[in-house]
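Dropping start39.txt in here (compact mmCIF, C-alpha atoms):
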# COMPACT_ATOMS: atom_id res chain seq x y z
CA MET A 1 -49.12 26.26 26.12
CA GLY A 2 -51.81 28.83 25.35
CA LEU A 3 -49.66 31.76 24.20
CA SER A 4 -49.64 33.13 20.67
CA PRO A 5 -46.50 34.36 18.85
CA ARG A 6 -48.13 37.81 18.62
CA GLU A 7 -48.58 38.01 22.41
CA VAL A 8 -44.96 37.02 23.01
CA ALA A 9 -43.72 39.51 20.40
CA GLU A 10 -45.72 42.33 22.00
CA LEU A 11 -44.33 41.52 25.45
CA VAL A 12 -40.76 41.40 24.17
CA ALA A 13 -40.99 44.44 21.85
CA PRO A 14 -39.70 47.02 24.40
CA GLU A 15 -36.54 44.89 24.82
CA VAL A 16 -35.77 44.49 21.12
CA GLY A 17 -34.88 48.00 19.97
CA ASP A 18 -33.25 47.83 16.53
CA GLY A 19 -32.36 44.16 16.97
CA GLN A 20 -34.12 40.90 16.25
CA ALA A 21 -35.81 38.61 18.79
CA TYR A 22 -35.65 34.84 18.47
CA LEU A 23 -37.47 32.05 20.25
CA VAL A 24 -34.90 29.51 21.48
CA GLY A 25 -34.85 26.41 23.66
CA SER A 26 -37.20 23.45 23.69
CA LEU A 27 -40.14 25.36 22.22
CA ALA A 28 -38.07 26.48 19.23
CA GLY A 29 -37.02 22.86 18.77
CA GLY A 30 -40.65 21.77 18.49
CA LEU A 31 -40.70 20.36 22.01
CA GLY A 32 -41.81 21.78 25.33
CA ASN A 33 -45.08 21.50 27.24
CA ARG A 34 -47.41 23.60 29.38
CA SER A 35 -44.74 23.95 32.10
CA SER A 36 -42.02 25.15 29.71
CA ASP A 37 -40.56 28.63 30.00
CA VAL A 38 -40.44 30.88 26.95
CA ASP A 39 -36.80 31.68 26.15
CA ILE A 40 -36.02 34.69 23.97
CA HIS A 41 -32.63 35.80 22.67
CA VAL A 42 -32.31 39.32 21.28
CA VAL A 43 -29.36 39.99 18.95
CA ASP A 44 -28.54 43.65 18.35
CA GLU A 45 -25.67 45.60 16.80
CA THR A 46 -25.78 48.04 19.74
CA VAL A 47 -25.26 45.33 22.36
CA LYS A 48 -21.57 44.99 23.27
CA GLN A 49 -21.74 42.03 25.63
CA HIS A 50 -24.20 39.43 26.88
CA ARG A 51 -26.90 40.72 29.21
CA GLY A 52 -29.57 38.85 31.12
CA PRO A 53 -31.60 36.85 31.53
CA LYS A 54 -34.37 39.29 32.36
CA LEU A 55 -37.57 37.68 33.60
CA LYS A 56 -41.03 38.76 32.50
CA ARG A 57 -44.34 36.94 32.76
CA LEU A 58 -47.19 36.49 30.34
CA ASP A 59 -50.38 34.97 31.75
CA GLY A 60 -48.23 33.54 34.56
CA ILE A 61 -45.76 31.89 32.18
CA PRO A 62 -42.08 32.89 32.66
CA VAL A 63 -40.48 34.62 29.68
CA ASP A 64 -36.69 34.85 29.94
CA ILE A 65 -35.02 37.47 27.72
CA GLU A 66 -31.29 37.63 27.03
CA HIS A 67 -29.37 40.11 24.88
CA PHE A 68 -26.34 39.29 22.72
CA PRO A 69 -24.14 41.19 20.27
CA ALA A 70 -25.35 40.62 16.73
CA SER A 71 -21.98 39.08 15.88
CA ALA A 72 -22.07 36.47 18.68
CA PRO A 73 -23.74 33.55 16.81
CA ALA A 74 -21.42 33.85 13.80
CA GLU A 75 -18.33 34.19 15.99
CA LEU A 76 -19.18 30.97 17.81
CA ALA A 77 -19.83 29.12 14.55
CA GLN A 78 -16.69 30.46 12.87
CA GLY A 79 -14.63 29.04 15.71
CA ALA A 80 -14.74 25.68 13.94
CA GLY A 81 -13.64 27.07 10.59
CA GLY A 82 -10.63 25.26 9.17
CA VAL A 83 -10.58 22.46 11.78
CA PRO A 84 -10.29 18.79 10.86
CA LEU A 85 -13.43 16.67 10.82
CA LEU A 86 -14.00 13.02 11.56
CA ARG A 87 -16.18 12.34 8.54
CA PHE A 88 -18.11 9.24 9.58
CA ALA A 89 -20.88 7.79 7.43
CA ALA A 90 -23.40 8.95 10.05
CA GLY A 91 -22.12 12.54 10.03
CA ASP A 92 -19.26 14.86 10.94
CA VAL A 93 -17.50 15.26 14.29
CA ALA A 94 -15.27 18.35 14.64
CA LEU A 95 -11.81 18.24 16.19
CA GLY A 96 -9.75 21.13 17.49
CA GLN A 97 -12.63 23.21 18.83
CA ARG A 98 -13.83 22.71 22.40
CA LEU A 99 -17.03 24.30 23.67
CA GLY A 100 -17.61 25.24 27.28
CA ARG A 101 -20.94 24.50 28.94
CA SER A 102 -22.46 27.90 28.24
CA GLU A 103 -21.19 27.82 24.65
CA GLN A 104 -22.74 24.39 24.10
CA ARG A 105 -26.09 25.63 25.31
CA ARG A 106 -25.98 28.77 23.20
CA ALA A 107 -24.82 26.92 20.09
CA ALA A 108 -27.68 24.44 20.37
CA ARG A 109 -30.22 27.20 20.99
CA TRP A 110 -29.05 29.34 18.08
CA PHE A 111 -29.04 26.30 15.79
CA HIS A 112 -32.82 25.90 16.22
CA ALA A 113 -33.70 29.57 16.84
CA THR A 114 -36.91 30.92 15.27
CA GLY A 115 -37.41 34.64 14.68
CA LEU A 116 -40.45 36.24 16.27
CA ASP A 117 -40.59 38.34 13.13
CA PRO A 118 -41.22 35.94 10.21
CA ALA A 119 -38.88 38.08 8.09
CA ALA A 120 -35.97 37.66 10.53
CA PRO A 121 -33.04 35.78 8.94
CA PRO A 122 -31.83 32.55 10.56
CA LEU A 123 -28.97 33.01 12.99
CA TYR A 124 -26.89 30.46 11.08
CA ASP A 125 -26.52 29.88 7.38
CA ALA A 126 -26.04 26.33 6.04
CA ALA A 127 -22.25 26.31 6.44
CA GLN A 128 -22.40 27.70 9.98
CA SER A 129 -25.09 25.19 10.94
CA ALA A 130 -22.88 22.35 9.71
CA ARG A 131 -19.97 23.61 11.81
CA VAL A 132 -22.08 23.95 14.95
CA GLN A 133 -23.61 20.52 14.42
CA ALA A 134 -20.14 18.95 14.14
CA MET A 135 -18.89 20.77 17.27
CA LEU A 136 -21.86 19.61 19.32
CA ALA A 137 -21.42 16.08 17.98
CA ARG A 138 -17.84 16.17 19.32
CA VAL A 139 -19.15 17.00 22.80
CA THR A 140 -21.49 14.02 22.76
CA PHE A 141 -18.91 11.67 21.27
CA GLY A 142 -16.62 12.53 24.17
CA ARG A 143 -19.35 11.80 26.70
CA LEU A 144 -20.13 8.49 24.99
CA ALA A 145 -16.48 7.43 25.06
CA GLY A 146 -16.04 8.58 28.67
CA LEU A 147 -19.07 6.69 29.97
CA SER A 148 -18.04 3.59 28.02
CA CYS A 149 -14.65 3.77 29.70
CA MET A 150 -16.19 4.12 33.16
CA ALA A 151 -18.47 1.14 32.51
CA SER A 152 -15.56 -1.00 31.35
CA LEU A 153 -13.50 -0.03 34.41
CA ALA A 154 -16.45 -0.81 36.69
CA GLU A 155 -16.63 -4.31 35.26
CA GLN A 156 -12.88 -4.82 35.71
CA ALA A 157 -13.11 -3.55 39.29
CA GLY A 158 -15.85 -6.08 40.06
CA LEU A 159 -18.46 -3.50 41.00
CA LEU A 160 -22.08 -4.54 41.42
CA GLU A 161 -23.77 -5.72 38.24
CA GLY A 162 -26.40 -2.99 38.61
CA THR A 163 -23.72 -0.29 38.72
CA CYS A 164 -22.07 -1.60 35.57
CA LEU A 165 -25.40 -1.91 33.79
CA HIS A 166 -26.34 1.66 34.74
CA LEU A 167 -23.11 2.99 33.24
CA TRP A 168 -23.53 1.00 30.02
CA ARG A 169 -27.08 2.26 29.66
CA GLN A 170 -25.95 5.85 30.18
CA ALA A 171 -23.38 5.27 27.44
CA GLY A 172 -26.21 3.95 25.26
CA ARG A 173 -28.20 7.13 25.86
CA GLN A 174 -25.23 9.18 24.75
CA LEU A 175 -25.04 7.11 21.58
CA LEU A 176 -28.70 7.91 20.93
CA GLU A 177 -27.97 11.60 21.64
CA LEU A 178 -25.09 11.48 19.17
CA ARG A 179 -27.33 9.94 16.51
CA CYS A 180 -29.89 12.71 17.07
CA ARG A 181 -27.24 15.41 16.73
CA LEU A 182 -25.76 13.87 13.60
CA ALA A 183 -29.29 13.68 12.18
CA GLY A 184 -29.82 17.42 12.70
CA ASP A 185 -31.51 17.72 16.12
CA VAL A 186 -29.11 19.29 18.63
CA THR A 187 -31.70 20.34 21.25
CA THR A 188 -30.28 20.11 24.77
CA GLY A 189 -32.10 18.50 27.69
CA ASP A 190 -31.94 14.80 28.48
CA LYS A 191 -35.68 14.59 29.19
CA TRP A 192 -36.46 15.32 25.53
CA LEU A 193 -34.19 12.59 24.14
CA PRO A 194 -36.87 9.87 23.66
CA VAL A 195 -39.21 12.29 21.85
CA ARG A 196 -36.41 13.61 19.64
CA ALA A 197 -35.34 10.09 18.70
CA ARG A 198 -38.89 9.00 17.85
CA ARG A 199 -39.59 11.91 15.56
CA LEU A 200 -36.30 11.23 13.74
CA GLY A 201 -37.27 7.57 13.35
CA LEU A 202 -34.35 6.39 15.50
CA SER A 203 -34.93 3.28 17.56
CA ALA A 204 -32.71 2.00 20.36
CA THR A 205 -32.71 -0.74 22.96
CA PRO A 206 -31.03 -0.32 26.37
CA VAL A 207 -27.33 -1.17 26.16
CA ASN A 208 -26.24 -3.97 28.48
CA GLY A 209 -22.52 -4.21 27.75
CA GLU A 210 -19.57 -3.39 25.53
CA ALA A 211 -20.45 -5.96 22.87
CA GLN A 212 -23.93 -4.51 22.39
CA LEU A 213 -22.59 -0.94 22.34
CA HIS A 214 -20.11 -1.93 19.63
CA ALA A 215 -22.89 -3.54 17.60
CA ASP A 216 -25.10 -0.48 18.01
CA LEU A 217 -22.27 1.78 16.86
CA VAL A 218 -21.85 -0.26 13.69
CA LYS A 219 -25.61 -0.19 13.04
CA ALA A 220 -25.53 3.59 13.41
CA ALA A 221 -22.75 3.85 10.77
CA LEU A 222 -20.19 4.78 13.43
CA PRO A 223 -16.89 2.98 14.13
CA GLY A 224 -16.45 0.79 17.17
CA PHE A 225 -13.65 1.61 19.62
CA ASP A 226 -11.82 0.34 22.69
CA PRO A 227 -12.85 2.78 25.45
CA LEU A 228 -9.73 2.11 27.53
CA THR A 229 -7.56 3.10 24.56
CA LEU A 230 -9.60 6.15 23.62
CA ALA A 231 -9.72 7.70 27.12
CA ALA A 232 -6.93 9.12 29.27
CA VAL A 233 -6.56 10.48 32.80
CA ARG A 234 -4.72 13.57 33.95
CA PRO A 235 -4.49 15.59 37.18
CA ALA A 236 -7.90 17.06 37.88
CA ARG A 237 -8.61 20.66 36.98
CA GLY A 238 -9.05 22.98 39.94
CA SER A 239 -6.81 20.93 42.22
CA ALA A 240 -3.65 22.02 44.02
CA THR A 241 -0.92 20.43 46.12
CA VAL A 242 -0.24 21.90 49.57
CA SER A 243 2.19 21.03 52.33
CA LEU A 244 0.89 20.60 55.88
CA SER A 245 2.91 19.35 58.85
CA GLY A 246 5.63 18.15 56.55
CA ARG A 247 3.24 16.11 54.38
CA SER A 248 1.96 16.70 50.87
CA TRP A 249 -1.81 16.91 50.42
CA LEU A 250 -4.10 17.44 47.44
CA VAL A 251 -6.90 19.98 47.67
CA ASN A 252 -9.43 19.00 45.00
CA ARG A 253 -11.92 21.30 43.27
CA HIS A 254 -14.53 20.45 45.92
CA ASP A 255 -12.13 21.72 48.64
CA ARG A 256 -11.57 18.22 50.02
CA LEU A 257 -8.15 17.54 51.52
CA LEU A 258 -6.71 14.21 50.30
CA SER A 259 -3.55 12.68 51.73
CA ASP A 260 -3.16 9.70 49.40
CA ALA A 261 -4.04 11.24 46.03
CA VAL A 262 -2.57 9.96 42.79
CA ARG A 263 -1.17 12.36 40.18
CA THR A 264 -0.70 10.61 36.88
CA GLU A 265 -1.22 11.46 33.23
CA ALA A 266 -1.60 8.48 30.93
CA PRO A 267 -3.99 6.55 28.70
CA VAL A 268 -6.55 4.70 30.81
CA ALA A 269 -5.26 1.31 29.68
CA GLU A 270 -1.81 2.24 31.02
CA ALA A 271 -3.13 3.85 34.21
CA THR A 272 -5.23 0.76 34.91
CA ARG A 273 -2.14 -1.45 34.76
CA GLU A 274 -0.39 0.92 37.17
CA LEU A 275 -3.16 1.59 39.67
CA GLY A 276 -5.83 -1.06 39.11
CA ALA A 277 -9.35 -0.40 37.88
CA ALA A 278 -10.86 0.11 41.35
CA ARG A 279 -8.26 2.69 42.44
CA LEU A 280 -8.53 4.50 39.12
CA LEU A 281 -12.30 4.77 39.42
CA ASP A 282 -11.90 6.04 42.97
CA ALA A 283 -9.38 8.66 41.83
CA VAL A 284 -11.79 9.96 39.19
CA GLY A 285 -14.69 9.92 41.66
CA ARG A 286 -12.68 11.87 44.25
CA ALA A 287 -11.61 14.48 41.66
CA GLU A 288 -7.94 13.50 41.95
CA LEU A 289 -7.92 12.73 38.23
CA ASP A 290 -10.06 13.81 35.28
CA LEU A 291 -11.10 11.34 32.60
CA VAL A 292 -10.65 12.99 29.19
CA ILE A 293 -11.05 12.20 25.50
CA GLU A 294 -8.30 14.09 23.72
CA ASP A 295 -8.43 15.22 20.10
CA ASP A 296 -4.90 13.88 19.52
CA THR A 297 -6.07 10.39 20.49
CA LEU A 298 -9.10 10.66 18.23
CA ARG A 299 -6.78 11.61 15.38
CA LYS A 300 -4.62 8.52 15.99
CA VAL A 301 -7.50 6.07 16.40
CA PHE A 302 -9.75 7.42 13.63
CA GLY A 303 -7.10 8.85 11.29
CA SER A 304 -8.58 7.27 8.17
CA TRP A 305 -11.82 9.22 8.71
CA ILE A 306 -10.18 12.65 9.02
CA THR A 307 -10.87 15.33 6.46
CA GLU A 308 -9.09 18.66 6.75
CA LYS A 309 -11.57 21.48 6.28
Can you present the structure in this file as structure tokens?
Amino acid sequence: MGLSPREVAELVAPEVGDGQAYLVGSLAGGLGNRSSDVDIHVVDETVKQHRGPKLKRLDGIPVDIEHFPASAPAELAQGAGGVPLLRFAAGDVALGQRLGRSEQRRAARWFHATGLDPAAPPLYDAAQSARVQAMLARVTFGRLAGLSCMASLAEQAGLLEGTCLHLWRQAGRQLLELRCRLAGDVTTGDKWLPVRARRLGLSATPVNGEAQLHADLVKAALPGFDPLTLAAVRPARGSATVSLSGRSWLVNRHDRLLSDAVRTEAPVAEATRELGAARLLDAVGRAELDLVIEDDTLRKVFGSWITEK
């Protein structure tokens, strides 16, 4: 992209103080292009809470600088200490530790962070890296299972073939993402997935249904699963019941008022028998219900793979 590490270090130097500056994001992961921003995280003992991002420019290229307490990376990684692992042949998936969106992004960035000072220590040691990798694999495994469930429900509901195929292919992309993460590349950003897979030597064909997804899981040294058994629904987060004119209404997290909302908490297989696949899909789409992959269910289904750690 035309910038040298020395130029970036000189620009960032006034922001570093007694801390250490690290390149993070796609560029640190060996990706990026001429339109990529430069993302810098500064960790410093004197910083008490996250600050930023602060935008600077170097030859017209945006340089985003954020500050974190020096303890922040280790605290995030230690969150998975002592949790059970699903120890699949392809790699480990952590249970019992859920990451929010911002935590996922930070964990992935700190995993691949590169110090602007060559003498700067890595933000994670080997044990911490393994924990973070397993936590991020859990995020992707949940997305894979959730999309597989939606695709299966779409088929049962008789939705258009193109809709079902789209959902299966999105599930296939999450399988490829999971394989990348288990292989040691946890970079975020869907647009980089094909490049990441190629450099890891991972090949994949578009998934066209549950049978192919199952076969691809087995080829990837991962266990197959029934998505309707693995997933569950529960009342959607951010929703509330209100009474208007003597009637009960649901206000969902998008502030829509729904008069005929369903409020159930059950495995998807059970909820489908109760409501039907089409109504269940509609309830998830309208934010009446959330589709979730619970750790307790993963423990039951994959119990023989669990290692307490």
So that each row is one residue of region 140-216 of chain A with an atom at most 9 Å from region 275-289 of chain A, can you give its shortest atom pair and the distance in Å to one decimal, using all atoms listed in the file, rows by chain and rising number, as a Markdown table?
| residue | atom | partner | partner_atom | distance |
| --- | --- | --- | --- | --- |
| A:Met150 | CA | A:Leu281 | CA | 7.4 |
| A:Leu153 | CA | A:Ala277 | CA | 5.4 |
| A:Ala154 | CA | A:Ala277 | CA | 7.2 |
| A:Glu155 | CA | A:Ala277 | CA | 8.7 |
| A:Gln156 | CA | A:Ala277 | CA | 6.1 |
| A:Ala157 | CA | A:Ala278 | CA | 4.8 |
| A:Gly158 | CA | A:Ala278 | CA | 8.1 |
| A:Leu159 | CA | A:Ala278 | CA | 8.4 |
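You can rank A:Gln133, A:Ser304, A:Ser35, A:Ser245 by their closest distance to Asp92 (chain A) using all atoms listed in the file, and at the top of that list sits A:Gln133.
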Query raised in the report: Within 9 Å of region 167-183 of chain A, counting only C-alpha atoms, which residues qualify if same-chain residues fewer than 3 places away don't, as a ChimeraX atom specification?
Result: /A:90-93,133-134,136-141,143-148,150-152,154,162-164,186-187,190,193-194,196-197,200,202-210,213,216-217,220
Starting from 5 Å padding per side, set up an axis-aligned box that covers all listed atoms of region 206-222 of chain A and hand over centre and edge lengths in Å, one decimal, as JSON.
{"center_x": -25.3, "center_y": -0.6, "center_z": 19.6, "size_x": 21.5, "size_y": 20.7, "size_z": 27.7}
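CA of Arg6 (chain A) sits 28.4 Å away from CA of Lys191 (chain A).
The spacing separating CA of Glu270 (chain A) from CA of Ala240 (chain A) amounts to 23.7 Å.
Using only C-alpha atoms, the shortest contact distance between Pro227 (chain A) and any of A:His214, A:Arg106, A:His166, A:Arg51 is found at A:His214.
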Selection: 10 Å around Pro84 (chain A), all atoms listed in the file, excl. self and same-chain fewer than 6 positions, as a PDB file with C-alpha atoms, in the frame of the given file:
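Once everything was written out, this is out31.pdb:
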ATOM      1  CA  ASP A  92     -19.260  14.860  10.940  1.00  0.00           C
ATOM      2  CA  VAL A  93     -17.500  15.260  14.290  1.00  0.00           C
ATOM      3  CA  ALA A  94     -15.270  18.350  14.640  1.00  0.00           C
ATOM      4  CA  LEU A  95     -11.810  18.240  16.190  1.00  0.00           C
ATOM      5  CA  GLY A  96      -9.750  21.130  17.490  1.00  0.00           C
ATOM      6  CA  GLN A  97     -12.630  23.210  18.830  1.00  0.00           C
ATOM      7  CA  ARG A 299      -6.780  11.610  15.380  1.00  0.00           C
ATOM      8  CA  TRP A 305     -11.820   9.220   8.710  1.00  0.00           C
ATOM      9  CA  ILE A 306     -10.180  12.650   9.020  1.00  0.00           C
ATOM     10  CA  THR A 307     -10.870  15.330   6.460  1.00  0.00           C
ATOM     11  CA  GLU A 308      -9.090  18.660   6.750  1.00  0.00           C
ATOM     12  CA  LYS A 309     -11.570  21.480   6.280  1.00  0.00           C
TER      13      LYS A 309
END
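Residue nearest Ser129 (chain A), chosen from A:Pro223, A:Gly184, A:Pro62, A:Gly303 and counting only C-alpha atoms: A:Gly184.
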Report summary line: Among A:Glu161, A:Ala77, A:Leu27, A:Ser248, Ala126 (chain A) is approached most closely, using all atoms listed in the file, by A:Ala77
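In terms of minimum interatomic distance to Gly115 (chain A), A:Asp39 ranks closest within A:Glu294, A:Glu274, A:Glu75, A:Asp39, counting all atoms listed in the file.
Compared by their closest atoms to Arg256 (chain A), and using all atoms listed in the file, the residues A:Thr46, A:Leu85, A:Thr241, A:Gln78 rank with A:Thr241 nearest.
One finds CA of Lys54 (chain A) at 19.1 Å from CA of Glu103 (chain A).
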Need to verify the contact set: Ala9 (chain A), 12 Å, all atoms listed in the file, exclusion of same-chain residues closer than 3 positions in sequence. Can you return it as a short mmCIF file (atom, residue, chain, number, x, y, z; two decimals) with C-alpha atoms, in the frame of the given file?
data_model
loop_
_atom_site.label_atom_id
_atom_site.label_comp_id
_atom_site.auth_asym_id
_atom_site.auth_seq_id
_atom_site.Cartn_x
_atom_site.Cartn_y
_atom_site.Cartn_z
CA LEU A 3 -49.66 31.76 24.20
CA SER A 4 -49.64 33.13 20.67
CA PRO A 5 -46.50 34.36 18.85
CA ARG A 6 -48.13 37.81 18.62
CA VAL A 12 -40.76 41.40 24.17
CA ALA A 13 -40.99 44.44 21.85
CA PRO A 14 -39.70 47.02 24.40
CA GLU A 15 -36.54 44.89 24.82
CA VAL A 16 -35.77 44.49 21.12
CA GLN A 20 -34.12 40.90 16.25
CA ALA A 21 -35.81 38.61 18.79
CA TYR A 22 -35.65 34.84 18.47
CA LEU A 23 -37.47 32.05 20.25
CA VAL A 38 -40.44 30.88 26.95
CA ASP A 39 -36.80 31.68 26.15
CA ILE A 40 -36.02 34.69 23.97
CA HIS A 41 -32.63 35.80 22.67
CA VAL A 42 -32.31 39.32 21.28
CA LEU A 58 -47.19 36.49 30.34
CA VAL A 63 -40.48 34.62 29.68
CA ILE A 65 -35.02 37.47 27.72
CA GLY A 115 -37.41 34.64 14.68
CA LEU A 116 -40.45 36.24 16.27
CA ASP A 117 -40.59 38.34 13.13
CA PRO A 118 -41.22 35.94 10.21
#
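Omitting Leu123 (chain A) and its sequence neighbours fewer than 2 positions away, and counting only C-alpha atoms, the residues within 8 Å are A:Pro73, A:Ala74, A:Trp110, A:Phe111, A:Ala113, A:Pro121, A:Asp125.
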